[in-house]
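Enquirer: Supplied structure: coords24.cif, mmCIF, C-alpha atoms and all ligand atoms.
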```cif
data_coords
loop_
_atom_site.label_atom_id
_atom_site.label_comp_id
_atom_site.auth_asym_id
_atom_site.auth_seq_id
_atom_site.Cartn_x
_atom_site.Cartn_y
_atom_site.Cartn_z
CA MET A 1 7.21 -3.48 -1.41
CA VAL A 2 4.67 -1.10 -2.97
CA ILE A 3 1.32 -1.30 -4.70
CA LEU A 4 2.05 -1.06 -8.43
CA ALA A 5 -1.40 -1.06 -9.93
CA GLU A 6 -5.02 -0.57 -9.10
CA CYS A 7 -7.71 -1.36 -11.60
CA ALA A 8 -11.42 -1.70 -12.01
CA CYS A 9 -11.48 -5.28 -13.19
CA PHE A 10 -14.60 -6.82 -14.67
CA SER A 11 -13.32 -10.29 -15.40
CA GLU A 12 -10.54 -11.94 -13.43
CA THR A 13 -8.70 -14.03 -16.02
CA ASN A 14 -5.11 -14.71 -17.02
CA GLU A 15 -5.71 -12.55 -20.12
CA THR A 16 -6.76 -9.56 -17.99
CA TYR A 17 -3.73 -9.88 -15.72
CA ALA A 18 -1.38 -10.18 -18.71
CA TRP A 19 -2.95 -7.10 -20.30
CA ILE A 20 -2.59 -5.07 -17.07
CA LEU A 21 1.07 -6.00 -16.62
CA LYS A 22 1.93 -5.23 -20.24
CA ALA A 23 0.08 -1.90 -20.02
CA MET A 24 2.07 -1.03 -16.87
CA GLN A 25 5.28 -1.64 -18.76
CA GLU A 26 4.14 0.61 -21.61
CA MET A 27 3.17 3.41 -19.23
CA GLU A 28 6.35 3.20 -17.13
CA PRO A 29 9.31 1.80 -19.09
CA ARG A 30 11.40 1.52 -15.90
CA PHE A 31 9.00 -1.22 -14.82
CA LYS A 32 9.96 -4.42 -16.62
CA VAL A 33 7.72 -7.47 -16.65
CA CYS A 34 10.83 -9.63 -17.13
CA ASN A 35 12.10 -8.46 -13.72
CA ILE A 36 9.14 -10.01 -11.86
CA THR A 37 10.56 -13.04 -10.07
CA MET A 38 7.65 -14.04 -7.81
CA MET A 39 3.88 -13.87 -8.06
CA PHE A 40 1.33 -14.89 -5.45
CA SER A 41 -2.12 -16.07 -6.36
CA ASP A 42 -4.98 -18.36 -5.42
CA GLU A 43 -5.79 -21.23 -7.79
CA GLY A 44 -7.41 -18.83 -10.31
CA VAL A 45 -4.12 -17.63 -11.80
CA THR A 46 -2.17 -20.39 -13.52
CA VAL A 47 1.23 -20.81 -15.09
CA GLY A 48 -0.49 -19.84 -18.37
CA LEU A 49 -0.16 -16.21 -17.24
CA LEU A 50 3.62 -16.58 -16.97
CA GLN A 51 3.68 -18.12 -20.44
CA LYS A 52 1.69 -15.21 -21.88
CA LEU A 53 4.20 -12.81 -20.34
CA GLY A 54 7.23 -14.82 -21.46
CA ILE A 55 8.51 -15.22 -17.89
CA LYS A 56 7.71 -18.89 -17.26
CA ASP A 57 11.33 -19.80 -16.52
CA SER A 58 12.32 -16.72 -14.52
CA CYS A 59 9.20 -16.13 -12.40
CA MET A 60 7.89 -18.34 -9.62
CA LEU A 61 4.11 -18.66 -9.27
CA CYS A 62 3.50 -19.16 -5.54
CA ALA A 63 0.29 -20.13 -3.79
CA ASP A 64 -1.08 -17.36 -1.60
CA GLU A 65 -1.14 -18.77 1.93
CA TRP A 66 -4.27 -17.00 3.12
CA HIS A 67 -6.37 -18.08 0.14
CA MET A 68 -5.13 -21.67 0.33
CA MET A 69 -5.65 -22.02 4.09
CA ASN A 70 -8.97 -20.20 4.28
CA GLU A 71 -10.70 -20.92 0.99
CA VAL A 72 -9.16 -23.39 -1.44
CA TRP A 73 -8.04 -26.26 0.80
CA PRO A 74 -10.92 -26.12 3.35
CA ASP A 75 -13.26 -26.54 0.36
CA LYS A 76 -11.22 -29.34 -1.12
CA PHE A 77 -10.73 -31.34 2.10
CA GLY A 78 -14.21 -30.69 3.47
CA GLY A 79 -14.80 -32.83 6.58
CA TYR A 80 -11.16 -33.93 6.57
CA TRP A 81 -9.79 -30.41 6.83
CA GLN A 82 -9.17 -30.58 10.58
CA HIS A 83 -7.01 -33.69 10.04
CA VAL A 84 -4.59 -31.89 7.74
CA VAL A 85 -4.82 -28.17 8.51
CA ASN A 86 -1.69 -28.02 10.67
CA TYR A 87 0.38 -30.16 8.32
CA LEU A 88 -0.53 -28.11 5.27
CA ARG A 89 0.12 -24.88 7.19
CA THR A 90 3.61 -26.12 8.00
CA TYR A 91 4.15 -27.19 4.39
CA ILE A 92 3.23 -23.83 2.92
CA HIS A 93 4.95 -21.80 5.62
CA HIS A 94 8.17 -23.47 6.74
CA PRO A 95 11.55 -22.53 5.17
CA ASP A 96 13.10 -25.95 5.81
CA THR A 97 12.81 -28.75 3.19
CA VAL A 98 12.91 -31.68 5.62
CA THR A 99 10.25 -30.16 7.91
CA CYS A 100 7.97 -29.46 4.92
CA ASN A 101 8.23 -32.99 3.52
CA GLU A 102 7.81 -34.62 6.95
CA SER A 103 4.70 -32.58 7.48
CA LEU A 104 3.12 -33.77 4.23
CA GLN A 105 4.03 -37.37 5.12
CA LYS A 106 2.22 -36.95 8.46
CA ALA A 107 -0.86 -35.75 6.58
CA LEU A 108 -0.69 -38.88 4.41
CA ASP A 109 -0.27 -41.09 7.48
CA ASN A 110 -3.55 -39.89 8.95
CA PRO A 111 -5.99 -42.86 8.81
CA GLY A 112 -8.90 -40.65 7.74
CA ILE A 113 -6.92 -39.23 4.82
CA ARG A 114 -5.45 -42.62 3.86
CA ALA A 115 -8.92 -44.09 3.54
CA ASN A 116 -9.95 -41.46 1.00
CA PRO A 117 -8.27 -41.69 -2.42
CA GLU A 118 -9.30 -38.15 -3.42
CA MET A 119 -7.57 -36.67 -0.37
CA VAL A 120 -4.46 -38.77 -0.94
CA GLU A 121 -4.39 -37.60 -4.55
CA GLU A 122 -4.59 -33.96 -3.47
CA ILE A 123 -1.68 -34.41 -1.03
CA TYR A 124 0.39 -35.99 -3.81
CA ARG A 125 -0.58 -33.17 -6.17
CA VAL A 126 0.62 -30.60 -3.63
CA HIS A 127 3.86 -32.53 -3.14
CA GLY A 128 4.37 -32.74 -6.90
CA ALA A 129 3.96 -28.97 -7.21
CA ALA A 130 6.40 -28.06 -4.43
CA LYS A 131 7.60 -25.04 -6.41
CA ARG A 132 4.12 -23.55 -6.04
CA TYR A 133 3.18 -24.63 -2.50
CA ALA A 134 6.24 -25.45 -0.37
CA GLY A 135 7.57 -22.78 2.00
CA TYR A 136 11.16 -23.86 1.40
CA THR A 137 11.05 -23.07 -2.31
CA ARG A 138 10.08 -19.44 -1.61
CA ALA A 139 12.61 -19.13 1.22
CA GLY A 140 15.42 -19.97 -1.21
CA ARG A 141 14.40 -17.33 -3.75
CA ASP A 142 16.48 -14.12 -3.67
CA GLY A 143 14.43 -11.12 -2.53
CA ASN A 144 11.45 -13.13 -1.26
CA LEU A 145 10.94 -10.66 1.66
CA GLY A 146 9.76 -13.54 3.86
CA VAL A 147 6.20 -13.07 2.64
CA HIS A 148 3.69 -15.88 2.27
CA GLY A 149 1.19 -14.13 0.07
CA SER A 150 0.01 -10.91 -1.49
CA THR A 151 -0.75 -9.29 1.87
CA LEU A 152 -0.18 -5.76 0.68
CA ALA A 153 -2.53 -6.19 -2.28
CA GLU A 154 -5.19 -7.61 0.06
CA VAL A 155 -4.72 -4.75 2.53
CA ASN A 156 -5.12 -2.30 -0.34
CA HIS A 157 -8.25 -4.11 -1.46
CA SER A 158 -9.74 -3.86 2.06
CA SER A 159 -8.80 -0.21 2.22
CA ILE A 160 -10.63 0.47 -1.06
CA VAL A 161 -13.73 -1.36 0.19
CA ALA A 162 -13.58 0.68 3.42
CA HIS A 163 -13.21 3.88 1.39
CA LEU A 164 -16.12 3.17 -0.96
CA GLY A 165 -18.31 1.71 1.77
CA LEU A 166 -19.49 -1.85 2.28
CA GLY A 167 -21.92 -3.05 -0.38
CA SER A 168 -21.12 0.03 -2.41
CA CYS A 169 -23.32 0.11 -5.49
CA GLN A 170 -22.58 3.36 -7.29
CA ARG A 171 -22.31 4.48 -10.86
CA LEU A 172 -18.95 3.56 -12.40
CA GLU A 173 -17.88 7.20 -12.83
CA ASP A 174 -18.66 7.89 -9.15
CA GLN A 175 -16.46 4.97 -8.14
CA PHE A 176 -13.60 6.26 -10.32
CA GLN A 177 -13.96 9.74 -8.85
CA LYS A 178 -13.83 8.42 -5.29
CA LEU A 179 -10.79 6.25 -6.07
CA LEU A 180 -8.96 9.16 -7.71
CA GLU A 181 -9.68 11.32 -4.65
CA ARG A 182 -8.24 8.53 -2.51
CA ALA A 183 -5.10 8.40 -4.69
CA GLN A 184 -4.77 12.19 -4.44
CA GLU A 185 -4.96 12.00 -0.65
CA PHE A 186 -2.27 9.30 -0.62
CA ALA A 187 0.01 11.40 -2.84
CA LYS A 188 -0.41 14.33 -0.41
CA LYS A 189 0.51 12.12 2.54
CA VAL A 190 3.62 10.85 0.71
CA ARG A 191 4.70 14.47 -0.01
CA GLU A 192 4.24 15.41 3.67
CA ARG A 193 6.18 12.33 4.79
CA ASN A 194 9.03 13.12 2.37
CA ASP A 195 9.21 16.74 3.57
CA LEU A 196 9.47 15.52 7.17
CA PHE A 197 12.21 13.11 6.07
CA ARG A 198 14.17 16.02 4.53
CA LEU A 199 13.95 17.92 7.82
CA GLU A 200 15.11 14.85 9.70
CA LEU A 201 18.10 14.49 7.34
CA ASP A 202 19.15 18.09 8.03
CA ARG A 203 19.19 17.44 11.75
CA PHE A 204 20.74 13.96 11.57
CA GLU A 205 23.83 13.27 13.66
CA SER A 206 25.43 9.86 13.63
CA GLN A 207 26.17 8.14 16.93
CA GLU A 208 29.07 6.15 15.44
CA THR A 209 32.45 6.60 17.09
CA THR A 210 34.82 6.78 14.10
CA GLN A 211 34.87 9.32 11.27
CA VAL A 212 34.55 6.65 8.54
CA ALA A 213 31.61 4.93 10.25
CA ARG A 214 29.90 8.31 10.74
CA GLU A 215 30.26 9.08 7.01
CA VAL A 216 28.82 5.70 6.04
CA ASP A 217 25.96 6.10 8.54
CA LYS A 218 25.15 9.58 7.22
CA PHE A 219 25.14 8.34 3.64
CA ALA A 220 22.94 5.34 4.53
CA LYS A 221 20.48 7.63 6.33
CA SER A 222 20.09 9.77 3.20
CA TYR A 223 20.12 6.88 0.72
CA PHE A 224 17.77 4.35 2.29
CA ALA A 225 14.07 4.60 3.03
CA VAL A 226 13.12 4.42 6.72
CA LEU A 227 12.70 0.65 7.01
CA PRO A 228 15.92 -0.40 5.21
CA TYR A 229 17.86 2.19 7.19
CA GLY A 230 16.58 0.41 10.31
CA TRP A 231 17.91 -2.88 8.89
CA PHE A 232 21.22 -1.19 8.06
CA ARG A 233 21.50 -0.03 11.69
CA SER A 234 20.63 -3.35 13.30
CA GLU A 235 22.85 -5.38 10.92
CA THR A 236 25.74 -2.91 11.41
CA ASP A 237 25.41 -3.18 15.19
CA SER A 238 25.29 -7.00 14.99
CA ALA A 239 28.33 -7.04 12.69
CA LYS A 240 30.39 -5.36 15.41
CA LYS A 241 29.98 -8.50 17.53
CA LEU A 242 31.27 -10.81 14.76
CA LYS A 243 34.72 -12.00 13.72
CA CYS A 244 35.95 -13.46 10.40
CA ILE A 245 38.26 -16.45 10.29
CA PRO A 246 39.86 -17.23 6.90
CA PHE A 247 39.33 -20.90 6.08
CA ASN A 248 39.44 -23.09 3.00
CA GLY A 249 39.12 -20.42 0.30
CA GLY A 250 36.60 -18.37 2.22
CA ASN A 251 35.71 -17.15 5.69
CA ILE A 252 33.86 -18.42 8.72
CA VAL A 253 31.91 -15.52 10.20
CA CYS A 254 30.78 -16.02 13.78
CA ARG A 255 30.37 -14.39 17.20
CA LYS A 256 33.62 -12.95 18.59
CA HIS A 257 33.48 -14.95 21.81
CA LEU A 258 33.13 -18.37 20.12
CA GLN A 259 36.10 -20.72 20.40
CA ILE A 260 37.17 -22.24 17.11
CA ASP A 261 38.45 -25.82 17.08
CA PRO A 262 41.71 -25.63 15.02
CA GLU A 263 41.23 -29.27 13.96
CA ASP A 264 37.69 -28.74 12.75
CA PRO A 265 36.92 -25.02 12.26
CA MET A 266 33.58 -25.71 10.55
CA GLU A 267 32.32 -27.42 13.72
CA VAL A 268 31.39 -23.99 15.09
CA MET A 269 28.50 -23.89 12.60
CA ASN A 270 26.85 -26.87 14.28
CA ARG A 271 27.10 -25.17 17.65
CA CYS A 272 25.92 -21.72 16.71
CA LYS A 273 23.12 -20.63 14.42
CA GLU A 274 24.86 -17.33 13.81
CA ALA A 275 28.03 -18.88 12.39
CA VAL A 276 28.19 -19.05 8.59
CA PHE A 277 30.77 -20.00 6.00
CA ILE A 278 31.08 -17.62 3.03
CA LYS A 279 33.16 -18.83 0.10
CA LYS A 280 35.39 -16.21 -1.54
CA GLY A 281 33.39 -14.31 -4.15
CA ASP A 282 30.04 -15.67 -2.87
CA ARG A 283 27.36 -13.83 -0.93
CA CYS A 284 26.05 -15.04 2.42
CA ARG A 285 23.04 -17.37 2.10
CA CYS A 286 21.50 -16.62 5.51
CA LEU A 287 17.73 -16.02 5.52
CA GLU A 288 17.97 -12.29 6.26
CA ARG A 289 20.21 -11.53 3.28
CA VAL A 290 18.34 -13.77 0.85
CA ARG A 291 14.96 -12.37 1.89
CA ARG A 292 15.81 -8.72 1.52
CA LEU A 293 18.84 -8.53 -0.75
CA ILE A 294 20.71 -6.44 1.76
CA GLN A 295 24.02 -6.77 3.56
CA CYS A 296 23.43 -9.02 6.54
CA SER A 297 25.65 -8.70 9.60
CA HIS A 298 27.92 -11.46 8.20
CA ASP A 299 28.39 -9.62 4.91
CA LEU A 300 29.07 -6.33 6.72
CA ALA A 301 31.57 -7.97 9.08
CA LEU A 302 33.40 -9.51 6.12
CA ASN A 303 33.27 -6.73 3.50
CA GLY A 304 32.28 -3.54 5.30
CA PHE A 305 29.56 -1.40 3.69
CA VAL A 306 29.25 -2.13 -0.06
CA LEU A 307 26.56 -0.10 -1.78
CA HIS A 308 25.85 -2.46 -4.66
CA HIS A 309 25.21 -5.30 -2.20
CA TRP A 310 21.94 -3.51 -1.34
CA ASP A 311 19.03 -3.90 -3.71
CA LYS A 312 18.00 -0.68 -5.46
CA ARG A 313 14.43 -1.10 -4.20
CA TRP A 314 15.56 0.25 -0.82
CA ILE A 315 16.46 3.73 -2.09
CA SER A 316 14.31 6.40 -0.45
CA ASP A 317 11.86 8.59 -2.42
CA VAL A 318 13.82 11.63 -1.32
CA TYR A 319 17.13 10.27 -2.67
CA HIS A 320 15.34 9.33 -5.90
CA GLN A 321 14.00 12.87 -6.28
CA ASP A 322 16.74 15.09 -4.83
CA VAL A 323 19.88 13.22 -5.88
CA LEU A 324 18.98 11.03 -8.84
CA GLY A 325 16.49 13.58 -10.20
CA LEU A 326 13.80 11.01 -10.88
CA PRO A 327 10.08 11.83 -10.56
ZN ZN U 1 24.31 -13.60 6.48
#
```
Take the structure from the file and write it as structure tokens.
Expert:
Amino acid sequence: MVILAECACFSETNETYAWILKAMQEMEPRFKVCNITMMFSDEGVTVGLLQKLGIKDSCMLCADEWHMMNEVWPDKFGGYWQHVVNYLRTYIHHPDTVTCNESLQKALDNPGIRANPEMVEEIYRVHGAAKRYAGYTRAGRDGNLGVHGSTLAEVNHSSIVAHLGLGSCQRLEDQFQKLLERAQEFAKKVRERNDLFRLELDRFESQETTQVAREVDKFAKSYFAVLPYGWFRSETDSAKKLKCIPFNGGNIVCRKHLQIDPEDPMEVMNRCKEAVFIKKGDRCRCLERVRRLIQCSHDLALNGFVLHHWDKRWISDVYHQDVLGLP
């Protein structure tokens, strides 16, 4: 995940956001608005923005957890907030459908809430807009990264405030100058980090024991950025502890030491969280793979390393520049 845009914004409306996103696409044609599949926002941004961008059906507008839990809902529930805070936190956070719905039911069962029609209406509204608020809807979306809001954008915002100084009240051109200096400093840091990465690649020696595994490891080290390479390593190591059992047009992938009941092979999935069934031609639906669009340990155990099973977003800057020749 990276920051795509910074702007000096004088009116925060759907029109402004639509204009910024379209301008980004014009400036960098490799960025496509139609590829945006999730957006986080407080209640200010509405589905009207998705309509303006023509991505209403392909993009999910999700409620930003921090804004909902710290600003929007506390305001809305007022004195009743303490009655529902934990239930709403579970609803917006939890990846499981049953847990989310039970939690909202508990909020409704609270006598204080039940006695207040406005509160009951708000709970029903939230339930009716599960696609926007419920944790389970995000958890099922490919490439969701397990995030619950626009944390990175907020961190960037705080960093800008820290850079300009609290209560900064300067001329507009001074603000632009300071922000450009900040961007320049960032670009310098990225260059330094990439140069260090190149040195590290030169010295890299794989600890794998077979020639094939060493080749794959070396390629992965050069291809992935630092974080995804870490995932590649941990998933590869976990995959070594797994076995694949062909069953019913697919495979059960589970820990090597687990006993499989020949009468009921799928029973192992009830016993062990790490056992999954992958139908032939399908990808694993475990949380790790869905979140990051990578090869999870199950996928690696079943198929070995498959490059196109990894999302392109995980390619390192250095591979982009040195191998693909992109700026
Ligand atoms: Zn998996």
Enquirer: Dump as a tab-separated table the rows for residues of chain A within 6 Å of ligand ZN 1 (chain U): closest atom pair and distance in Å with one decimal, all atoms listed in the file counted, ordered by chain and rising residue number.
Expert:
```
residue	atom	partner	partner_atom	distance
A:Cys284	CA	U:ZN1	ZN	4.6
A:Arg285	CA	U:ZN1	ZN	5.9
A:Cys286	CA	U:ZN1	ZN	4.2
A:Arg289	CA	U:ZN1	ZN	5.6
A:Cys296	CA	U:ZN1	ZN	4.7
A:Ser297	CA	U:ZN1	ZN	6.0
A:His298	CA	U:ZN1	ZN	4.5
A:Asp299	CA	U:ZN1	ZN	5.9
```
Enquirer: I'd like to know which of A:Arg171, A:His127, A:Arg141, A:His157 is closest to Cys59 (chain A), using all atoms listed in the file.
Expert: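 Nearest candidate to Cys59 (chain A) out of A:Arg171, A:His127, A:Arg141, A:His157: A:Arg141.
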Enquirer: Ranking A:Gly112, A:Pro29, A:Gly149, A:Gly249 by minimum distance to Ile278 (chain A) and counting all atoms listed in the file, which one comes first?
Expert: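 Closest candidate: A:Gly249.
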Enquirer: Which residues come within 7 Å of Cys100 (chain A), counting all atoms listed in the file, excluding same-chain residues fewer than 4 positions away, as a PyMOL selection string?
Expert: chain A and resi 90-91+94+96+104+134
Enquirer: How many Å lie between CA of Arg191 (chain A) and CA of Pro327 (chain A), rounded to one decimal?
Expert: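 Spanning CA of Arg191 (chain A) to CA of Pro327 (chain A) is a straight-line distance of 12.1 Å.
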Enquirer: If you measure from CA of Val318 (chain A) to CA of Ser234 (chain A), what distance in Å do you get, rounded to one decimal?
Expert: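 CA of Ser234 (chain A) lies at a distance of 22.0 Å from CA of Val318 (chain A).
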Enquirer: Distance CA of Cys244 (chain A)-CA of Val226 (chain A), one decimal place?
Expert: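 Value for the CA of Cys244 (chain A)-CA of Val226 (chain A) distance: 29.2 Å.
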Enquirer: With all atoms listed in the file as the counted atoms, please give the residues lying no more than 10 Å from region 69-77 of chain A, apart from itself and same-chain residues fewer than 2 positions off, as a list in words.
Expert: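 Near region 69-77 of chain A, the qualifying residues are Asp42, Glu43, Asp64, Glu65, Trp66, His67, Gly79, Tyr80, Trp81, Gln82, His83, Val84, Val85, Asn86, Leu88, Arg89, Ile92, Ile113, Glu118, Met119 and Glu122 of chain A.
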Enquirer: Go through A:Met266, A:Gly250, A:Ile245, A:Glu121 and flag the residue nearest Gly281 (chain A), using all atoms listed in the file for the distances.
Expert: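 Ranked by minimum distance to Gly281 (chain A), first place goes to A:Gly250.
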Enquirer: Given the choices A:Ala23, A:Ser41, A:Glu215, A:Pro95, which gets closest to Gly146 (chain A) if the distance is worked out from only C-alpha atoms?
Expert: A:Pro95
Enquirer: Once you count all atoms listed in the file, which residues end up no further than 10 Å from (17.0, 6.8, 5.6) in the file's frame, shown as a CSV table (one decimal) with C-alpha atoms, keeping the file's coordinate frame?
Expert:
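Below is the file that was written, point-v9.csv:
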```
chain,number,residue,atom,x,y,z
A,197,PHE,CA,12.2,13.1,6.1
A,198,ARG,CA,14.2,16.0,4.5
A,200,GLU,CA,15.1,14.8,9.7
A,201,LEU,CA,18.1,14.5,7.3
A,217,ASP,CA,26.0,6.1,8.5
A,218,LYS,CA,25.2,9.6,7.2
A,219,PHE,CA,25.1,8.3,3.6
A,220,ALA,CA,22.9,5.3,4.5
A,221,LYS,CA,20.5,7.6,6.3
A,222,SER,CA,20.1,9.8,3.2
A,223,TYR,CA,20.1,6.9,0.7
A,224,PHE,CA,17.8,4.4,2.3
A,225,ALA,CA,14.1,4.6,3.0
A,226,VAL,CA,13.1,4.4,6.7
A,227,LEU,CA,12.7,0.6,7.0
A,228,PRO,CA,15.9,-0.4,5.2
A,229,TYR,CA,17.9,2.2,7.2
A,230,GLY,CA,16.6,0.4,10.3
A,232,PHE,CA,21.2,-1.2,8.1
A,314,TRP,CA,15.6,0.2,-0.8
A,315,ILE,CA,16.5,3.7,-2.1
A,316,SER,CA,14.3,6.4,-0.4
A,317,ASP,CA,11.9,8.6,-2.4
A,318,VAL,CA,13.8,11.6,-1.3
A,319,TYR,CA,17.1,10.3,-2.7
```
Enquirer: Measuring between all atoms listed in the file, which one of A:Asn35, A:Gln25, A:Thr16, A:Leu307 shows the shortest distance to Lys52 (chain A)?
Expert: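 Checking each of A:Asn35, A:Gln25, A:Thr16, A:Leu307 against Lys52 (chain A), counting all atoms listed in the file, the winner is A:Thr16.
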Enquirer: Name the residues in contact with Arg132 (chain A) at a cut-off of 7 Å, using all atoms listed in the file, excluding same-chain residues fewer than 6 positions from it; report them as a ChimeraX atom specification.
Expert: /A:61-63
Enquirer: Given the choices A:Ala139, A:Met60, A:Ala239, A:Ile252, which gets closest to Leu287 (chain A) if the distance is worked out from all atoms listed in the file?
Expert: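 Among the listed residues, A:Ala139 lies closest to Leu287 (chain A).
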Enquirer: Please provide as a list in words all residues within 12 Å of Cys254 (chain A), with the sequence filter that same-chain residues fewer than 6 positions apart are discarded (counting only C-alpha atoms).
Expert: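 Using only C-alpha atoms, the neighbours found are Ser238, Ala239, Lys240, Lys241, Leu242, Lys243, Cys244, Ile245, Pro246, Ile260, Pro265, Met266, Glu267, Val268, Met269, Asn270, Arg271, Cys272, Lys273, Glu274, Ala275, Val276, Phe277, Ile278, Ser297, His298, Asp299, Ala301 and Leu302 of chain A.
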Enquirer: Output as JSON the centre and edge lengths (Å, one decimal) of the box along x, y and z of the file that holds every listed atom of region 48-64 of chain A after adding 5 Å on each side.
Expert:
```
{"center_x": 5.6, "center_y": -16.5, "center_z": -11.7, "size_x": 23.4, "size_y": 17.3, "size_z": 30.3}
```
Enquirer: Regenerate region 136-157 of chain A at the level of N, CA and C atoms and dump it as a PDB file, in the frame of the given file.
Expert:
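Output file selection.pdb is given in full below:
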```pdb
ATOM      1  N   TYR A 136       9.705 -23.879   1.608  1.00  0.00           N
ATOM      2  CA  TYR A 136      11.160 -23.860   1.400  1.00  0.00           C
ATOM      3  C   TYR A 136      11.550 -23.365   0.010  1.00  0.00           C
ATOM      4  N   THR A 137      10.673 -23.539  -0.972  1.00  0.00           N
ATOM      5  CA  THR A 137      11.050 -23.070  -2.310  1.00  0.00           C
ATOM      6  C   THR A 137      11.046 -21.535  -2.361  1.00  0.00           C
ATOM      7  N   ARG A 138      10.087 -20.905  -1.649  1.00  0.00           N
ATOM      8  CA  ARG A 138      10.080 -19.440  -1.610  1.00  0.00           C
ATOM      9  C   ARG A 138      11.258 -18.910  -0.810  1.00  0.00           C
ATOM     10  N   ALA A 139      11.551 -19.610   0.319  1.00  0.00           N
ATOM     11  CA  ALA A 139      12.610 -19.130   1.220  1.00  0.00           C
ATOM     12  C   ALA A 139      13.960 -19.107   0.516  1.00  0.00           C
ATOM     13  N   GLY A 140      14.138 -19.939  -0.514  1.00  0.00           N
ATOM     14  CA  GLY A 140      15.420 -19.970  -1.210  1.00  0.00           C
ATOM     15  C   GLY A 140      15.511 -18.958  -2.332  1.00  0.00           C
ATOM     16  N   ARG A 141      14.425 -18.267  -2.617  1.00  0.00           N
ATOM     17  CA  ARG A 141      14.400 -17.330  -3.750  1.00  0.00           C
ATOM     18  C   ARG A 141      14.924 -15.952  -3.310  1.00  0.00           C
ATOM     19  N   ASP A 142      15.907 -15.429  -4.024  1.00  0.00           N
ATOM     20  CA  ASP A 142      16.480 -14.120  -3.670  1.00  0.00           C
ATOM     21  C   ASP A 142      15.397 -13.040  -3.671  1.00  0.00           C
ATOM     22  N   GLY A 143      15.363 -12.242  -2.607  1.00  0.00           N
ATOM     23  CA  GLY A 143      14.430 -11.120  -2.530  1.00  0.00           C
ATOM     24  C   GLY A 143      13.016 -11.511  -2.202  1.00  0.00           C
ATOM     25  N   ASN A 144      12.822 -12.669  -1.534  1.00  0.00           N
ATOM     26  CA  ASN A 144      11.450 -13.130  -1.260  1.00  0.00           C
ATOM     27  C   ASN A 144      10.742 -12.335  -0.155  1.00  0.00           C
ATOM     28  N   LEU A 145      11.479 -11.533   0.597  1.00  0.00           N
ATOM     29  CA  LEU A 145      10.940 -10.660   1.660  1.00  0.00           C
ATOM     30  C   LEU A 145      10.267 -11.428   2.806  1.00  0.00           C
ATOM     31  N   GLY A 146      10.364 -12.742   2.779  1.00  0.00           N
ATOM     32  CA  GLY A 146       9.760 -13.540   3.860  1.00  0.00           C
ATOM     33  C   GLY A 146       8.244 -13.511   3.832  1.00  0.00           C
ATOM     34  N   VAL A 147       7.668 -13.142   2.686  1.00  0.00           N
ATOM     35  CA  VAL A 147       6.200 -13.070   2.640  1.00  0.00           C
ATOM     36  C   VAL A 147       5.617 -14.417   2.212  1.00  0.00           C
ATOM     37  N   HIS A 148       4.366 -14.621   2.590  1.00  0.00           N
ATOM     38  CA  HIS A 148       3.690 -15.880   2.270  1.00  0.00           C
ATOM     39  C   HIS A 148       2.474 -15.640   1.387  1.00  0.00           C
ATOM     40  N   GLY A 149       2.344 -14.431   0.913  1.00  0.00           N
ATOM     41  CA  GLY A 149       1.190 -14.130   0.070  1.00  0.00           C
ATOM     42  C   GLY A 149       1.165 -12.662  -0.284  1.00  0.00           C
ATOM     43  N   SER A 150       0.116 -12.282  -1.004  1.00  0.00           N
ATOM     44  CA  SER A 150       0.010 -10.910  -1.490  1.00  0.00           C
ATOM     45  C   SER A 150      -0.685 -10.047  -0.439  1.00  0.00           C
ATOM     46  N   THR A 151      -0.120 -10.004   0.763  1.00  0.00           N
ATOM     47  CA  THR A 151      -0.750  -9.290   1.870  1.00  0.00           C
ATOM     48  C   THR A 151      -1.031  -7.829   1.537  1.00  0.00           C
ATOM     49  N   LEU A 152      -0.036  -7.188   0.928  1.00  0.00           N
ATOM     50  CA  LEU A 152      -0.180  -5.760   0.680  1.00  0.00           C
ATOM     51  C   LEU A 152      -1.329  -5.474  -0.302  1.00  0.00           C
ATOM     52  N   ALA A 153      -1.442  -6.352  -1.311  1.00  0.00           N
ATOM     53  CA  ALA A 153      -2.530  -6.190  -2.280  1.00  0.00           C
ATOM     54  C   ALA A 153      -3.880  -6.381  -1.584  1.00  0.00           C
ATOM     55  N   GLU A 154      -3.927  -7.355  -0.655  1.00  0.00           N
ATOM     56  CA  GLU A 154      -5.190  -7.610   0.060  1.00  0.00           C
ATOM     57  C   GLU A 154      -5.526  -6.452   0.994  1.00  0.00           C
ATOM     58  N   VAL A 155      -4.501  -5.894   1.645  1.00  0.00           N
ATOM     59  CA  VAL A 155      -4.720  -4.750   2.530  1.00  0.00           C
ATOM     60  C   VAL A 155      -5.261  -3.576   1.714  1.00  0.00           C
ATOM     61  N   ASN A 156      -4.666  -3.382   0.531  1.00  0.00           N
ATOM     62  CA  ASN A 156      -5.120  -2.300  -0.340  1.00  0.00           C
ATOM     63  C   ASN A 156      -6.577  -2.518  -0.764  1.00  0.00           C
ATOM     64  N   HIS A 157      -6.887  -3.768  -1.056  1.00  0.00           N
ATOM     65  CA  HIS A 157      -8.250  -4.110  -1.460  1.00  0.00           C
ATOM     66  C   HIS A 157      -9.234  -3.764  -0.323  1.00  0.00           C
TER      67      HIS A 157
END
```
